[in-house]
Amino acid sequence: MASPPHPNLELRPLGNTGLKLSCVGFGASPLGSVFGPVSEHDAISSVREAFHLGINFFDTSPYYGGTLSEKMLGKGLKALGVPRNEYIVSTKCGRYLEGFDFSAERVTKSIDESLARLQLDYVDILQCHDIEFGSLDQIVNETIPALQKLKEAGKIRFIGITGLPLSVFTYVLDRVPPGSVDVILSYCRYSINDSTLADLLPYLKSKGVGVISASPLAMGLLTENGPPEWHPASAELKSTCQAAAAFCKAKGKNISKLAMQYSLANKDISSVLVGMNSVRQVKENVYAATELATFGKDQETLSEVEAILSPVKNQTWPSGIQES
């Protein structure tokens with residue numbers, strides 16, 4: 001049996017779902033060797049360490065690593081040996097290695113495939129993945145109703161949508177029956193360099209929709225090593241973020257921890273989802289959260305970094321040019 005969860009990681013309510021998510025969520029895309037090879041041992045150890053330190057929310061997708069992420073996460077969760085209600089699992093549908101398909105037929109088949117890979121009877125949240133690449137009217141009129149049937153069948157508990165442009169969320173939520181979409185997952189929209197998600201939070205709260213924010217490090221922009229080559233940001237945005245990272249390093253600070261704490265500080269965001277593939281990364285992310293809860297933000301360094309990033313604040317990039 002795994003040790004009982006660590007009590008110091010804050011749990012936050014997710015909209016009207018009744019779920020309480022750990023403020024740090026485990027992004028399982030790296031378990032699919034998306035950012036380099038990850039052994040089964042490291043994958044299972046990462047999941048175990050995360051649960052031990054109080055992370056109860058795990059997010060994956062059949063797209064990550066061409067289904068490998070789901071398989072690895074499933075093995076990690078099974079190895080915990082704890083009751084199913086002690087952790088919350090979210091996966092996605094509609095985006096696959098072979099392309100996008102948000103048809104009712106495909107997403108209905110998709111959940112059975114995901115459950116088999118995850119070795120689960122149900123997932124807590126099923127999200128339509130990167131909906132800007134589909135027809136938003138199809139999402140409203142066909143995909144969400146198909147997911148409602150999966151909910152009634154007990155294969156999923158709650159329904160979500162994900163995407164990069166914030167406009168896709170309002171488009172769908174304004175057109176579906178109230179309460180039919182429970183959660184949105186936004187990425188790269190609540191970090192030091194781009195906080196545009198903040199403007200949408202009152203609207204989402206008014207709809208009773210829970211908010212998960214992913215990529216607090218802006219897909220590698222807010223790291224000492226810098227982003228991967230495929231990162232779609234402009235040269236100006238990349239170089240300005242690198243200057244901010246170098247500034248932090250010279251002060252003996254770490255820009256990634258600062259960025260993580262910036263995202264965690266907004267309590268209207270239920271969970272900050274960050275990719276992890278090692279025990280070390282898990283410990284670093286949990287420590288960033290517990291340090292923030294104990295000592296608060298490093299406002300002095302944060303203000304200095306915000307000043308460096310001000311010329312590129314809220315500068316975005318074309319949607320969807322992500323993992324190659």
# chains A, B, ... in the order shown; residues from 1 in each chain; ligands from 1
>>> select_by_dssp(residues="segment 55-140 of chain A", states="alpha helix (DSSP H)", output="JSON, numbers by chain")
{"A": [68, 69, 70, 71, 72, 73, 74, 75, 76, 77, 78, 79, 80, 104, 105, 106, 107, 108, 109, 110, 111, 112, 113, 114, 115, 116, 117, 118, 136, 137, 138]}
>>> residues_around(residues="segment 51-53 of chain A", least_positions_apart="4", cutoff="12 Å", atoms="only C-alpha atoms", output="mmCIF file with N, CA and C atoms, in the first residue's frame")
data_model
loop_
_atom_site.group_PDB
_atom_site.id
_atom_site.type_symbol
_atom_site.label_atom_id
_atom_site.label_comp_id
_atom_site.auth_asym_id
_atom_site.auth_seq_id
_atom_site.Cartn_x
_atom_site.Cartn_y
_atom_site.Cartn_z
ATOM 1 N N MET A 1 0.843 -1.203 0.000
ATOM 2 C CA MET A 1 0.000 0.000 0.000
ATOM 3 C C MET A 1 0.878 1.253 0.000
ATOM 4 N N ALA A 2 0.419 2.265 -0.737
ATOM 5 C CA ALA A 2 1.138 3.536 -0.738
ATOM 6 C C ALA A 2 0.877 4.252 0.589
ATOM 7 N N SER A 3 1.779 5.149 0.942
ATOM 8 C CA SER A 3 1.577 5.945 2.151
ATOM 9 C C SER A 3 0.393 6.885 1.939
ATOM 10 N N PRO A 4 -0.250 7.318 3.008
ATOM 11 C CA PRO A 4 -1.370 8.256 2.844
ATOM 12 C C PRO A 4 -0.890 9.566 2.225
ATOM 13 N N PRO A 5 -1.774 10.244 1.453
ATOM 14 C CA PRO A 5 -1.359 11.480 0.803
ATOM 15 C C PRO A 5 -0.832 12.508 1.792
ATOM 16 N N HIS A 6 0.111 13.281 1.329
ATOM 17 C CA HIS A 6 0.720 14.356 2.114
ATOM 18 C C HIS A 6 -0.325 15.436 2.361
ATOM 19 N N PRO A 7 -0.485 15.911 3.583
ATOM 20 C CA PRO A 7 -1.579 16.828 3.886
ATOM 21 C C PRO A 7 -1.334 18.278 3.457
ATOM 22 N N ASN A 8 -0.129 18.616 3.034
ATOM 23 C CA ASN A 8 0.185 20.027 2.834
ATOM 24 C C ASN A 8 -0.153 20.583 1.460
ATOM 25 N N LEU A 9 -0.513 19.729 0.502
ATOM 26 C CA LEU A 9 -0.840 20.225 -0.824
ATOM 27 C C LEU A 9 -2.317 20.595 -0.861
ATOM 28 N N GLU A 10 -2.570 21.861 -1.154
ATOM 29 C CA GLU A 10 -3.940 22.383 -1.100
ATOM 30 C C GLU A 10 -4.845 21.698 -2.122
ATOM 31 N N SER A 22 -5.917 18.551 -6.380
ATOM 32 C CA SER A 22 -4.682 19.099 -5.823
ATOM 33 C C SER A 22 -4.276 20.307 -6.672
ATOM 34 N N CYS A 23 -3.779 21.355 -6.018
ATOM 35 C CA CYS A 23 -3.452 22.592 -6.742
ATOM 36 C C CYS A 23 -2.363 22.363 -7.788
ATOM 37 N N VAL A 24 -1.536 21.344 -7.595
ATOM 38 C CA VAL A 24 -0.591 20.905 -8.625
ATOM 39 C C VAL A 24 -1.144 19.637 -9.249
ATOM 40 N N GLY A 25 -1.279 19.632 -10.565
ATOM 41 C CA GLY A 25 -1.745 18.449 -11.267
ATOM 42 C C GLY A 25 -0.599 17.791 -12.021
ATOM 43 N N PHE A 26 -0.681 16.474 -12.172
ATOM 44 C CA PHE A 26 0.366 15.687 -12.829
ATOM 45 C C PHE A 26 0.031 15.579 -14.312
ATOM 46 N N ILE A 44 6.433 4.879 -13.379
ATOM 47 C CA ILE A 44 5.722 4.373 -12.199
ATOM 48 C C ILE A 44 6.198 5.078 -10.930
ATOM 49 N N SER A 45 7.506 5.308 -10.835
ATOM 50 C CA SER A 45 8.070 6.001 -9.655
ATOM 51 C C SER A 45 7.549 7.428 -9.565
ATOM 52 N N SER A 46 7.426 8.105 -10.707
ATOM 53 C CA SER A 46 6.938 9.489 -10.720
ATOM 54 C C SER A 46 5.497 9.555 -10.225
ATOM 55 N N VAL A 47 4.664 8.639 -10.704
ATOM 56 C CA VAL A 47 3.256 8.608 -10.291
ATOM 57 C C VAL A 47 3.153 8.298 -8.798
ATOM 58 N N PHE A 57 -4.500 14.501 -8.919
ATOM 59 C CA PHE A 57 -5.060 14.738 -10.248
ATOM 60 C C PHE A 57 -4.031 14.405 -11.322
ATOM 61 N N PHE A 58 -4.413 13.510 -12.233
ATOM 62 C CA PHE A 58 -3.524 13.018 -13.281
ATOM 63 C C PHE A 58 -4.203 13.196 -14.640
ATOM 64 N N GLY A 76 1.210 3.081 -13.672
ATOM 65 C CA GLY A 76 1.590 3.814 -12.466
ATOM 66 C C GLY A 76 0.468 3.864 -11.443
ATOM 67 N N LEU A 77 -0.755 4.114 -11.911
ATOM 68 C CA LEU A 77 -1.897 4.190 -10.994
ATOM 69 C C LEU A 77 -2.221 2.826 -10.398
ATOM 70 N N LYS A 78 -2.126 1.786 -11.221
ATOM 71 C CA LYS A 78 -2.399 0.431 -10.722
ATOM 72 C C LYS A 78 -1.405 0.048 -9.630
ATOM 73 N N ALA A 79 -0.151 0.463 -9.835
ATOM 74 C CA ALA A 79 0.909 0.130 -8.870
ATOM 75 C C ALA A 79 0.701 0.818 -7.518
ATOM 76 N N LEU A 80 -0.116 1.862 -7.473
ATOM 77 C CA LEU A 80 -0.377 2.538 -6.193
ATOM 78 C C LEU A 80 -1.077 1.606 -5.212
ATOM 79 N N GLY A 81 -1.959 0.763 -5.730
ATOM 80 C CA GLY A 81 -2.682 -0.163 -4.862
ATOM 81 C C GLY A 81 -3.622 0.511 -3.885
ATOM 82 N N VAL A 82 -4.213 1.644 -4.309
ATOM 83 C CA VAL A 82 -5.137 2.371 -3.427
ATOM 84 C C VAL A 82 -6.529 2.376 -4.054
ATOM 85 N N GLU A 86 -9.483 7.606 -4.628
ATOM 86 C CA GLU A 86 -8.439 8.453 -4.024
ATOM 87 C C GLU A 86 -7.668 9.269 -5.062
ATOM 88 N N TYR A 87 -7.931 9.038 -6.339
ATOM 89 C CA TYR A 87 -7.274 9.858 -7.361
ATOM 90 C C TYR A 87 -8.264 10.197 -8.476
ATOM 91 N N ILE A 88 -7.963 11.283 -9.169
ATOM 92 C CA ILE A 88 -8.829 11.826 -10.216
ATOM 93 C C ILE A 88 -8.071 11.746 -11.540
ATOM 94 N N VAL A 279 10.984 11.583 -10.445
ATOM 95 C CA VAL A 279 10.746 11.866 -9.023
ATOM 96 C C VAL A 279 11.262 13.264 -8.684
ATOM 97 N N VAL A 282 8.767 15.899 -9.795
ATOM 98 C CA VAL A 282 7.601 15.870 -8.905
ATOM 99 C C VAL A 282 7.902 16.624 -7.619
ATOM 100 N N LYS A 283 9.044 16.320 -7.013
ATOM 101 C CA LYS A 283 9.420 16.971 -5.750
ATOM 102 C C LYS A 283 9.560 18.486 -5.934
ATOM 103 N N GLU A 284 10.175 18.908 -7.035
ATOM 104 C CA GLU A 284 10.367 20.342 -7.286
ATOM 105 C C GLU A 284 9.027 21.067 -7.398
ATOM 106 N N ASN A 285 8.070 20.470 -8.117
ATOM 107 C CA ASN A 285 6.780 21.124 -8.310
ATOM 108 C C ASN A 285 5.964 21.179 -7.033
ATOM 109 N N VAL A 286 5.998 20.100 -6.270
ATOM 110 C CA VAL A 286 5.274 20.099 -4.990
ATOM 111 C C VAL A 286 5.930 21.080 -4.016
ATOM 112 N N TYR A 287 7.267 21.127 -4.035
ATOM 113 C CA TYR A 287 7.964 22.063 -3.149
ATOM 114 C C TYR A 287 7.607 23.503 -3.502
ATOM 115 N N ALA A 289 4.837 24.587 -4.569
ATOM 116 C CA ALA A 289 3.497 24.846 -4.022
ATOM 117 C C ALA A 289 3.522 24.990 -2.506
ATOM 118 N N THR A 290 4.244 24.103 -1.824
ATOM 119 C CA THR A 290 4.263 24.170 -0.349
ATOM 120 C C THR A 290 5.039 25.403 0.122
#
>>> select_by_dssp(residues="segment 192-307 of chain A", states="strand (DSSP E or B)", output="number ranges by chain")
A: 194, 210-214, 271-275
>>> write_last_selection(atoms="N, CA, C and O atoms", output="PDB file, in the first residue's frame")
ATOM      1  N   ASP A 194       2.042  35.598 -20.088  1.00  0.00           N
ATOM      2  CA  ASP A 194       0.718  35.675 -20.713  1.00  0.00           C
ATOM      3  C   ASP A 194      -0.334  35.286 -19.689  1.00  0.00           C
ATOM      4  O   ASP A 194      -0.459  34.121 -19.323  1.00  0.00           O
ATOM      5  N   GLY A 210     -15.331  24.624 -14.035  1.00  0.00           N
ATOM      6  CA  GLY A 210     -14.030  24.545 -13.383  1.00  0.00           C
ATOM      7  C   GLY A 210     -12.907  24.876 -14.357  1.00  0.00           C
ATOM      8  O   GLY A 210     -13.052  24.702 -15.574  1.00  0.00           O
ATOM      9  N   VAL A 211     -11.792  25.342 -13.811  1.00  0.00           N
ATOM     10  CA  VAL A 211     -10.675  25.797 -14.642  1.00  0.00           C
ATOM     11  C   VAL A 211      -9.391  25.066 -14.275  1.00  0.00           C
ATOM     12  O   VAL A 211      -8.958  25.075 -13.119  1.00  0.00           O
ATOM     13  N   ILE A 212      -8.785  24.442 -15.298  1.00  0.00           N
ATOM     14  CA  ILE A 212      -7.461  23.840 -15.157  1.00  0.00           C
ATOM     15  C   ILE A 212      -6.528  24.612 -16.078  1.00  0.00           C
ATOM     16  O   ILE A 212      -6.869  24.864 -17.239  1.00  0.00           O
ATOM     17  N   SER A 213      -5.394  25.012 -15.562  1.00  0.00           N
ATOM     18  CA  SER A 213      -4.425  25.757 -16.368  1.00  0.00           C
ATOM     19  C   SER A 213      -3.161  24.928 -16.524  1.00  0.00           C
ATOM     20  O   SER A 213      -2.540  24.532 -15.537  1.00  0.00           O
ATOM     21  N   ALA A 214      -2.786  24.667 -17.761  1.00  0.00           N
ATOM     22  CA  ALA A 214      -1.601  23.854 -18.038  1.00  0.00           C
ATOM     23  C   ALA A 214      -0.467  24.718 -18.586  1.00  0.00           C
ATOM     24  O   ALA A 214      -0.671  25.866 -18.972  1.00  0.00           O
ATOM     25  N   SER A 271      -6.450  23.728 -10.631  1.00  0.00           N
ATOM     26  CA  SER A 271      -5.202  22.972 -10.630  1.00  0.00           C
ATOM     27  C   SER A 271      -4.286  23.503 -11.720  1.00  0.00           C
ATOM     28  O   SER A 271      -4.745  23.827 -12.817  1.00  0.00           O
ATOM     29  N   VAL A 272      -3.017  23.603 -11.386  1.00  0.00           N
ATOM     30  CA  VAL A 272      -1.993  23.979 -12.359  1.00  0.00           C
ATOM     31  C   VAL A 272      -1.338  22.684 -12.821  1.00  0.00           C
ATOM     32  O   VAL A 272      -0.711  21.972 -12.040  1.00  0.00           O
ATOM     33  N   LEU A 273      -1.528  22.387 -14.086  1.00  0.00           N
ATOM     34  CA  LEU A 273      -1.082  21.120 -14.653  1.00  0.00           C
ATOM     35  C   LEU A 273       0.304  21.292 -15.246  1.00  0.00           C
ATOM     36  O   LEU A 273       0.526  22.180 -16.078  1.00  0.00           O
ATOM     37  N   VAL A 274       1.220  20.448 -14.793  1.00  0.00           N
ATOM     38  CA  VAL A 274       2.595  20.554 -15.291  1.00  0.00           C
ATOM     39  C   VAL A 274       3.119  19.157 -15.609  1.00  0.00           C
ATOM     40  O   VAL A 274       2.887  18.208 -14.868  1.00  0.00           O
ATOM     41  N   GLY A 275       3.785  19.051 -16.740  1.00  0.00           N
ATOM     42  CA  GLY A 275       4.312  17.763 -17.166  1.00  0.00           C
ATOM     43  C   GLY A 275       5.446  17.303 -16.263  1.00  0.00           C
ATOM     44  O   GLY A 275       6.312  18.086 -15.884  1.00  0.00           O
TER      45      GLY A 275
END
>>> residues_around(residues="segment 220-236 of chain A", least_positions_apart="3", cutoff="8 Å", atoms="only C-alpha atoms", output="list in words")
Leu217, Ser239, Thr240, Cys241, Gln242, Ala245, Ala246, Lys249, Asn254, Ile255, Ser256, Ala259, Val312, Thr316, Trp317, Pro318, Ile321, Gln322, Glu323 and Ser324 of chain A
>>> closest_residue(among="A:Cys248, A:Val89, A:Ala198, A:Val140", to="Leu19 of chain A", atoms="only C-alpha atoms")
A:Val89
>>> closest_residue(among="A:Ile161, A:Ala116, A:Met260, A:Leu166", to="Gly134 of chain A", atoms="only C-alpha atoms")
A:Ile161
>>> atom_distance(atom1="atom CA of Leu237 of chain A", atom2="atom CA of Ile184 of chain A")
26.1 Å
>>> residues_around(residues="Asp121 of chain A", least_positions_apart="2", cutoff="12 Å", atoms="only C-alpha atoms", output="VMD selection string")
chain A and resid 74 84 to 85 89 111 to 119 123 to 124 153 to 157
>>> write_last_selection(atoms="all heavy atoms", output="short mmCIF file (atom, residue, chain, number, x, y, z; two decimals), in the first residue's frame")
data_model
loop_
_atom_site.label_atom_id
_atom_site.label_comp_id
_atom_site.auth_asym_id
_atom_site.auth_seq_id
_atom_site.Cartn_x
_atom_site.Cartn_y
_atom_site.Cartn_z
N GLY A 74 -1.56 4.36 -16.65
CA GLY A 74 -2.36 3.25 -16.14
C GLY A 74 -1.55 2.30 -15.27
O GLY A 74 -1.98 1.87 -14.20
N ARG A 84 -9.88 3.40 -5.92
CA ARG A 84 -10.01 4.23 -7.13
C ARG A 84 -10.45 5.66 -6.79
O ARG A 84 -10.09 6.61 -7.49
CB ARG A 84 -11.02 3.55 -8.08
CG ARG A 84 -11.43 4.38 -9.31
CD ARG A 84 -10.27 4.63 -10.25
NE ARG A 84 -10.67 5.46 -11.38
CZ ARG A 84 -10.67 6.78 -11.36
NH1 ARG A 84 -10.28 7.44 -10.28
NH2 ARG A 84 -11.05 7.47 -12.43
N ASN A 85 -11.23 5.83 -5.73
CA ASN A 85 -11.75 7.17 -5.43
C ASN A 85 -10.71 8.10 -4.80
O ASN A 85 -11.00 9.25 -4.49
CB ASN A 85 -12.99 7.09 -4.53
CG ASN A 85 -12.69 6.50 -3.16
OD1 ASN A 85 -11.55 6.11 -2.87
ND2 ASN A 85 -13.70 6.43 -2.30
N VAL A 89 -8.70 11.13 -12.53
CA VAL A 89 -8.04 10.93 -13.83
C VAL A 89 -8.82 11.65 -14.92
O VAL A 89 -10.04 11.55 -15.02
CB VAL A 89 -7.93 9.44 -14.18
CG1 VAL A 89 -7.27 9.25 -15.55
CG2 VAL A 89 -7.15 8.69 -13.11
N ILE A 111 -13.22 6.34 -25.81
CA ILE A 111 -13.19 6.17 -24.35
C ILE A 111 -12.96 4.71 -23.97
O ILE A 111 -12.23 4.42 -23.02
CB ILE A 111 -14.48 6.74 -23.67
CG1 ILE A 111 -14.35 6.69 -22.13
CG2 ILE A 111 -15.72 5.99 -24.12
CD1 ILE A 111 -13.21 7.50 -21.56
N ASP A 112 -13.51 3.79 -24.75
CA ASP A 112 -13.28 2.36 -24.44
C ASP A 112 -11.80 2.01 -24.61
O ASP A 112 -11.22 1.27 -23.80
CB ASP A 112 -14.14 1.47 -25.34
CG ASP A 112 -15.62 1.55 -24.98
OD1 ASP A 112 -15.92 1.83 -23.80
OD2 ASP A 112 -16.46 1.35 -25.86
N GLU A 113 -11.19 2.56 -25.66
CA GLU A 113 -9.75 2.33 -25.89
C GLU A 113 -8.93 2.92 -24.75
O GLU A 113 -7.99 2.29 -24.24
CB GLU A 113 -9.33 2.97 -27.21
CG GLU A 113 -9.99 2.35 -28.43
CD GLU A 113 -9.81 3.18 -29.70
OE1 GLU A 113 -9.36 4.34 -29.61
OE2 GLU A 113 -10.15 2.67 -30.78
N SER A 114 -9.29 4.15 -24.32
CA SER A 114 -8.55 4.81 -23.24
C SER A 114 -8.69 4.05 -21.92
O SER A 114 -7.72 3.88 -21.18
CB SER A 114 -9.04 6.25 -23.07
OG SER A 114 -8.62 7.05 -24.16
N LEU A 115 -9.91 3.62 -21.61
CA LEU A 115 -10.13 2.88 -20.36
C LEU A 115 -9.31 1.59 -20.33
O LEU A 115 -8.75 1.23 -19.29
CB LEU A 115 -11.61 2.58 -20.16
CG LEU A 115 -12.51 3.79 -19.86
CD1 LEU A 115 -13.98 3.38 -19.82
CD2 LEU A 115 -12.12 4.47 -18.55
N ALA A 116 -9.21 0.92 -21.47
CA ALA A 116 -8.42 -0.31 -21.53
C ALA A 116 -6.94 0.00 -21.28
O ALA A 116 -6.27 -0.71 -20.52
CB ALA A 116 -8.60 -0.98 -22.90
N ARG A 117 -6.44 1.06 -21.89
CA ARG A 117 -5.02 1.42 -21.70
C ARG A 117 -4.74 1.86 -20.27
O ARG A 117 -3.69 1.57 -19.70
CB ARG A 117 -4.63 2.53 -22.70
CG ARG A 117 -4.51 2.03 -24.13
CD ARG A 117 -3.91 3.08 -25.03
NE ARG A 117 -4.83 4.15 -25.34
CZ ARG A 117 -5.56 4.26 -26.45
NH1 ARG A 117 -5.47 3.32 -27.39
NH2 ARG A 117 -6.35 5.28 -26.65
N LEU A 118 -5.70 2.60 -19.69
CA LEU A 118 -5.53 3.12 -18.33
C LEU A 118 -5.83 2.05 -17.26
O LEU A 118 -5.56 2.27 -16.08
CB LEU A 118 -6.45 4.32 -18.11
CG LEU A 118 -6.05 5.62 -18.82
CD1 LEU A 118 -7.22 6.59 -18.90
CD2 LEU A 118 -4.86 6.27 -18.11
N GLN A 119 -6.42 0.94 -17.68
CA GLN A 119 -6.84 -0.14 -16.78
C GLN A 119 -7.83 0.37 -15.73
O GLN A 119 -7.75 0.06 -14.54
CB GLN A 119 -5.61 -0.79 -16.09
CG GLN A 119 -4.57 -1.33 -17.07
CD GLN A 119 -3.39 -1.96 -16.37
OE1 GLN A 119 -3.55 -2.94 -15.63
NE2 GLN A 119 -2.19 -1.43 -16.57
N VAL A 123 -13.26 7.22 -16.24
CA VAL A 123 -12.40 8.37 -15.97
C VAL A 123 -13.27 9.45 -15.34
O VAL A 123 -14.48 9.52 -15.58
CB VAL A 123 -11.68 8.93 -17.23
CG1 VAL A 123 -10.66 7.93 -17.75
CG2 VAL A 123 -12.65 9.35 -18.30
N ASP A 124 -12.65 10.27 -14.54
CA ASP A 124 -13.40 11.35 -13.88
C ASP A 124 -13.77 12.45 -14.87
O ASP A 124 -14.86 13.01 -14.80
CB ASP A 124 -12.56 11.92 -12.73
CG ASP A 124 -12.28 10.85 -11.69
OD1 ASP A 124 -13.13 10.63 -10.83
OD2 ASP A 124 -11.21 10.21 -11.77
N ALA A 153 -23.76 6.44 -19.20
CA ALA A 153 -23.33 5.03 -19.18
C ALA A 153 -22.32 4.75 -18.07
O ALA A 153 -21.95 3.59 -17.84
CB ALA A 153 -22.72 4.66 -20.53
N GLY A 154 -21.87 5.80 -17.35
CA GLY A 154 -20.95 5.62 -16.23
C GLY A 154 -19.50 5.47 -16.63
O GLY A 154 -18.65 5.14 -15.80
N LYS A 155 -19.17 5.75 -17.91
CA LYS A 155 -17.77 5.63 -18.34
C LYS A 155 -16.97 6.89 -18.04
O LYS A 155 -15.75 6.84 -17.94
CB LYS A 155 -17.73 5.33 -19.85
CG LYS A 155 -18.28 3.95 -20.19
CD LYS A 155 -18.23 3.67 -21.67
CE LYS A 155 -18.80 2.28 -21.95
NZ LYS A 155 -18.74 1.95 -23.40
N ILE A 156 -17.67 8.00 -17.92
CA ILE A 156 -17.02 9.27 -17.55
C ILE A 156 -17.92 9.96 -16.52
O ILE A 156 -19.13 9.71 -16.48
CB ILE A 156 -16.79 10.18 -18.77
CG1 ILE A 156 -18.11 10.74 -19.32
CG2 ILE A 156 -16.04 9.45 -19.87
CD1 ILE A 156 -17.94 11.75 -20.46
N ARG A 157 -17.32 10.80 -15.70
CA ARG A 157 -18.12 11.52 -14.70
C ARG A 157 -18.39 12.96 -15.12
O ARG A 157 -19.47 13.49 -14.87
CB ARG A 157 -17.41 11.51 -13.34
CG ARG A 157 -17.32 10.11 -12.74
CD ARG A 157 -16.57 10.14 -11.41
NE ARG A 157 -17.31 10.86 -10.39
CZ ARG A 157 -16.77 11.36 -9.27
NH1 ARG A 157 -15.47 11.20 -9.05
NH2 ARG A 157 -17.49 12.00 -8.40
#
>>> decode(residues="segment 89-96 of chain A", atoms="all heavy atoms", output="CSV table (one decimal), in the first residue's frame")
chain,number,residue,atom,x,y,z
A,89,VAL,N,-8.7,11.1,-12.5
A,89,VAL,CA,-8.0,10.9,-13.8
A,89,VAL,C,-8.8,11.7,-14.9
A,89,VAL,O,-10.0,11.5,-15.0
A,89,VAL,CB,-7.9,9.4,-14.2
A,89,VAL,CG1,-7.3,9.2,-15.5
A,89,VAL,CG2,-7.1,8.7,-13.1
A,90,SER,N,-8.1,12.4,-15.7
A,90,SER,CA,-8.6,13.0,-16.9
A,90,SER,C,-7.9,12.6,-18.1
A,90,SER,O,-6.7,12.5,-18.2
A,90,SER,CB,-8.4,14.5,-16.7
A,90,SER,OG,-8.4,15.2,-17.9
A,91,THR,N,-8.7,12.2,-19.2
A,91,THR,CA,-8.1,12.0,-20.5
A,91,THR,C,-8.9,12.7,-21.5
A,91,THR,O,-9.8,13.5,-21.2
A,91,THR,CB,-7.9,10.5,-20.8
A,91,THR,OG1,-7.1,10.3,-21.9
A,91,THR,CG2,-9.3,9.8,-21.1
A,92,LYS,N,-8.5,12.5,-22.8
A,92,LYS,CA,-9.1,13.4,-23.8
A,92,LYS,C,-9.6,12.5,-25.0
A,92,LYS,O,-9.3,11.3,-25.1
A,92,LYS,CB,-8.0,14.4,-24.3
A,92,LYS,CG,-7.5,15.2,-23.1
A,92,LYS,CD,-6.5,16.3,-23.5
A,92,LYS,CE,-5.9,17.0,-22.3
A,92,LYS,NZ,-4.9,16.2,-21.6
A,93,CYS,N,-10.3,13.2,-25.9
A,93,CYS,CA,-10.7,12.5,-27.1
A,93,CYS,C,-10.7,13.5,-28.3
A,93,CYS,O,-10.8,14.7,-28.0
A,93,CYS,CB,-12.1,11.9,-26.9
A,93,CYS,SG,-13.4,13.2,-26.6
A,94,GLY,N,-10.7,13.0,-29.5
A,94,GLY,CA,-10.8,13.9,-30.7
A,94,GLY,C,-9.5,14.2,-31.3
A,94,GLY,O,-9.4,14.5,-32.5
A,95,ARG,N,-8.4,14.1,-30.6
A,95,ARG,CA,-7.0,14.3,-31.2
A,95,ARG,C,-6.2,13.0,-31.1
A,95,ARG,O,-6.0,12.5,-29.9
A,95,ARG,CB,-6.3,15.4,-30.5
A,95,ARG,CG,-5.0,15.7,-31.3
A,95,ARG,CD,-4.3,17.0,-30.8
A,95,ARG,NE,-3.3,17.4,-31.9
A,95,ARG,CZ,-2.5,18.4,-31.8
A,95,ARG,NH1,-2.6,19.3,-30.8
A,95,ARG,NH2,-1.7,18.7,-32.8
A,96,TYR,N,-5.7,12.5,-32.2
A,96,TYR,CA,-5.0,11.3,-32.2
A,96,TYR,C,-3.7,11.4,-33.1
A,96,TYR,O,-3.6,12.4,-33.8
A,96,TYR,CB,-5.9,10.1,-32.8
A,96,TYR,CG,-7.2,10.1,-32.1
A,96,TYR,CD1,-8.3,10.7,-32.6
A,96,TYR,CD2,-7.3,9.5,-30.8
A,96,TYR,CE1,-9.5,10.7,-31.9
A,96,TYR,CE2,-8.5,9.5,-30.1
A,96,TYR,CZ,-9.6,10.1,-30.7
A,96,TYR,OH,-10.8,10.2,-30.0
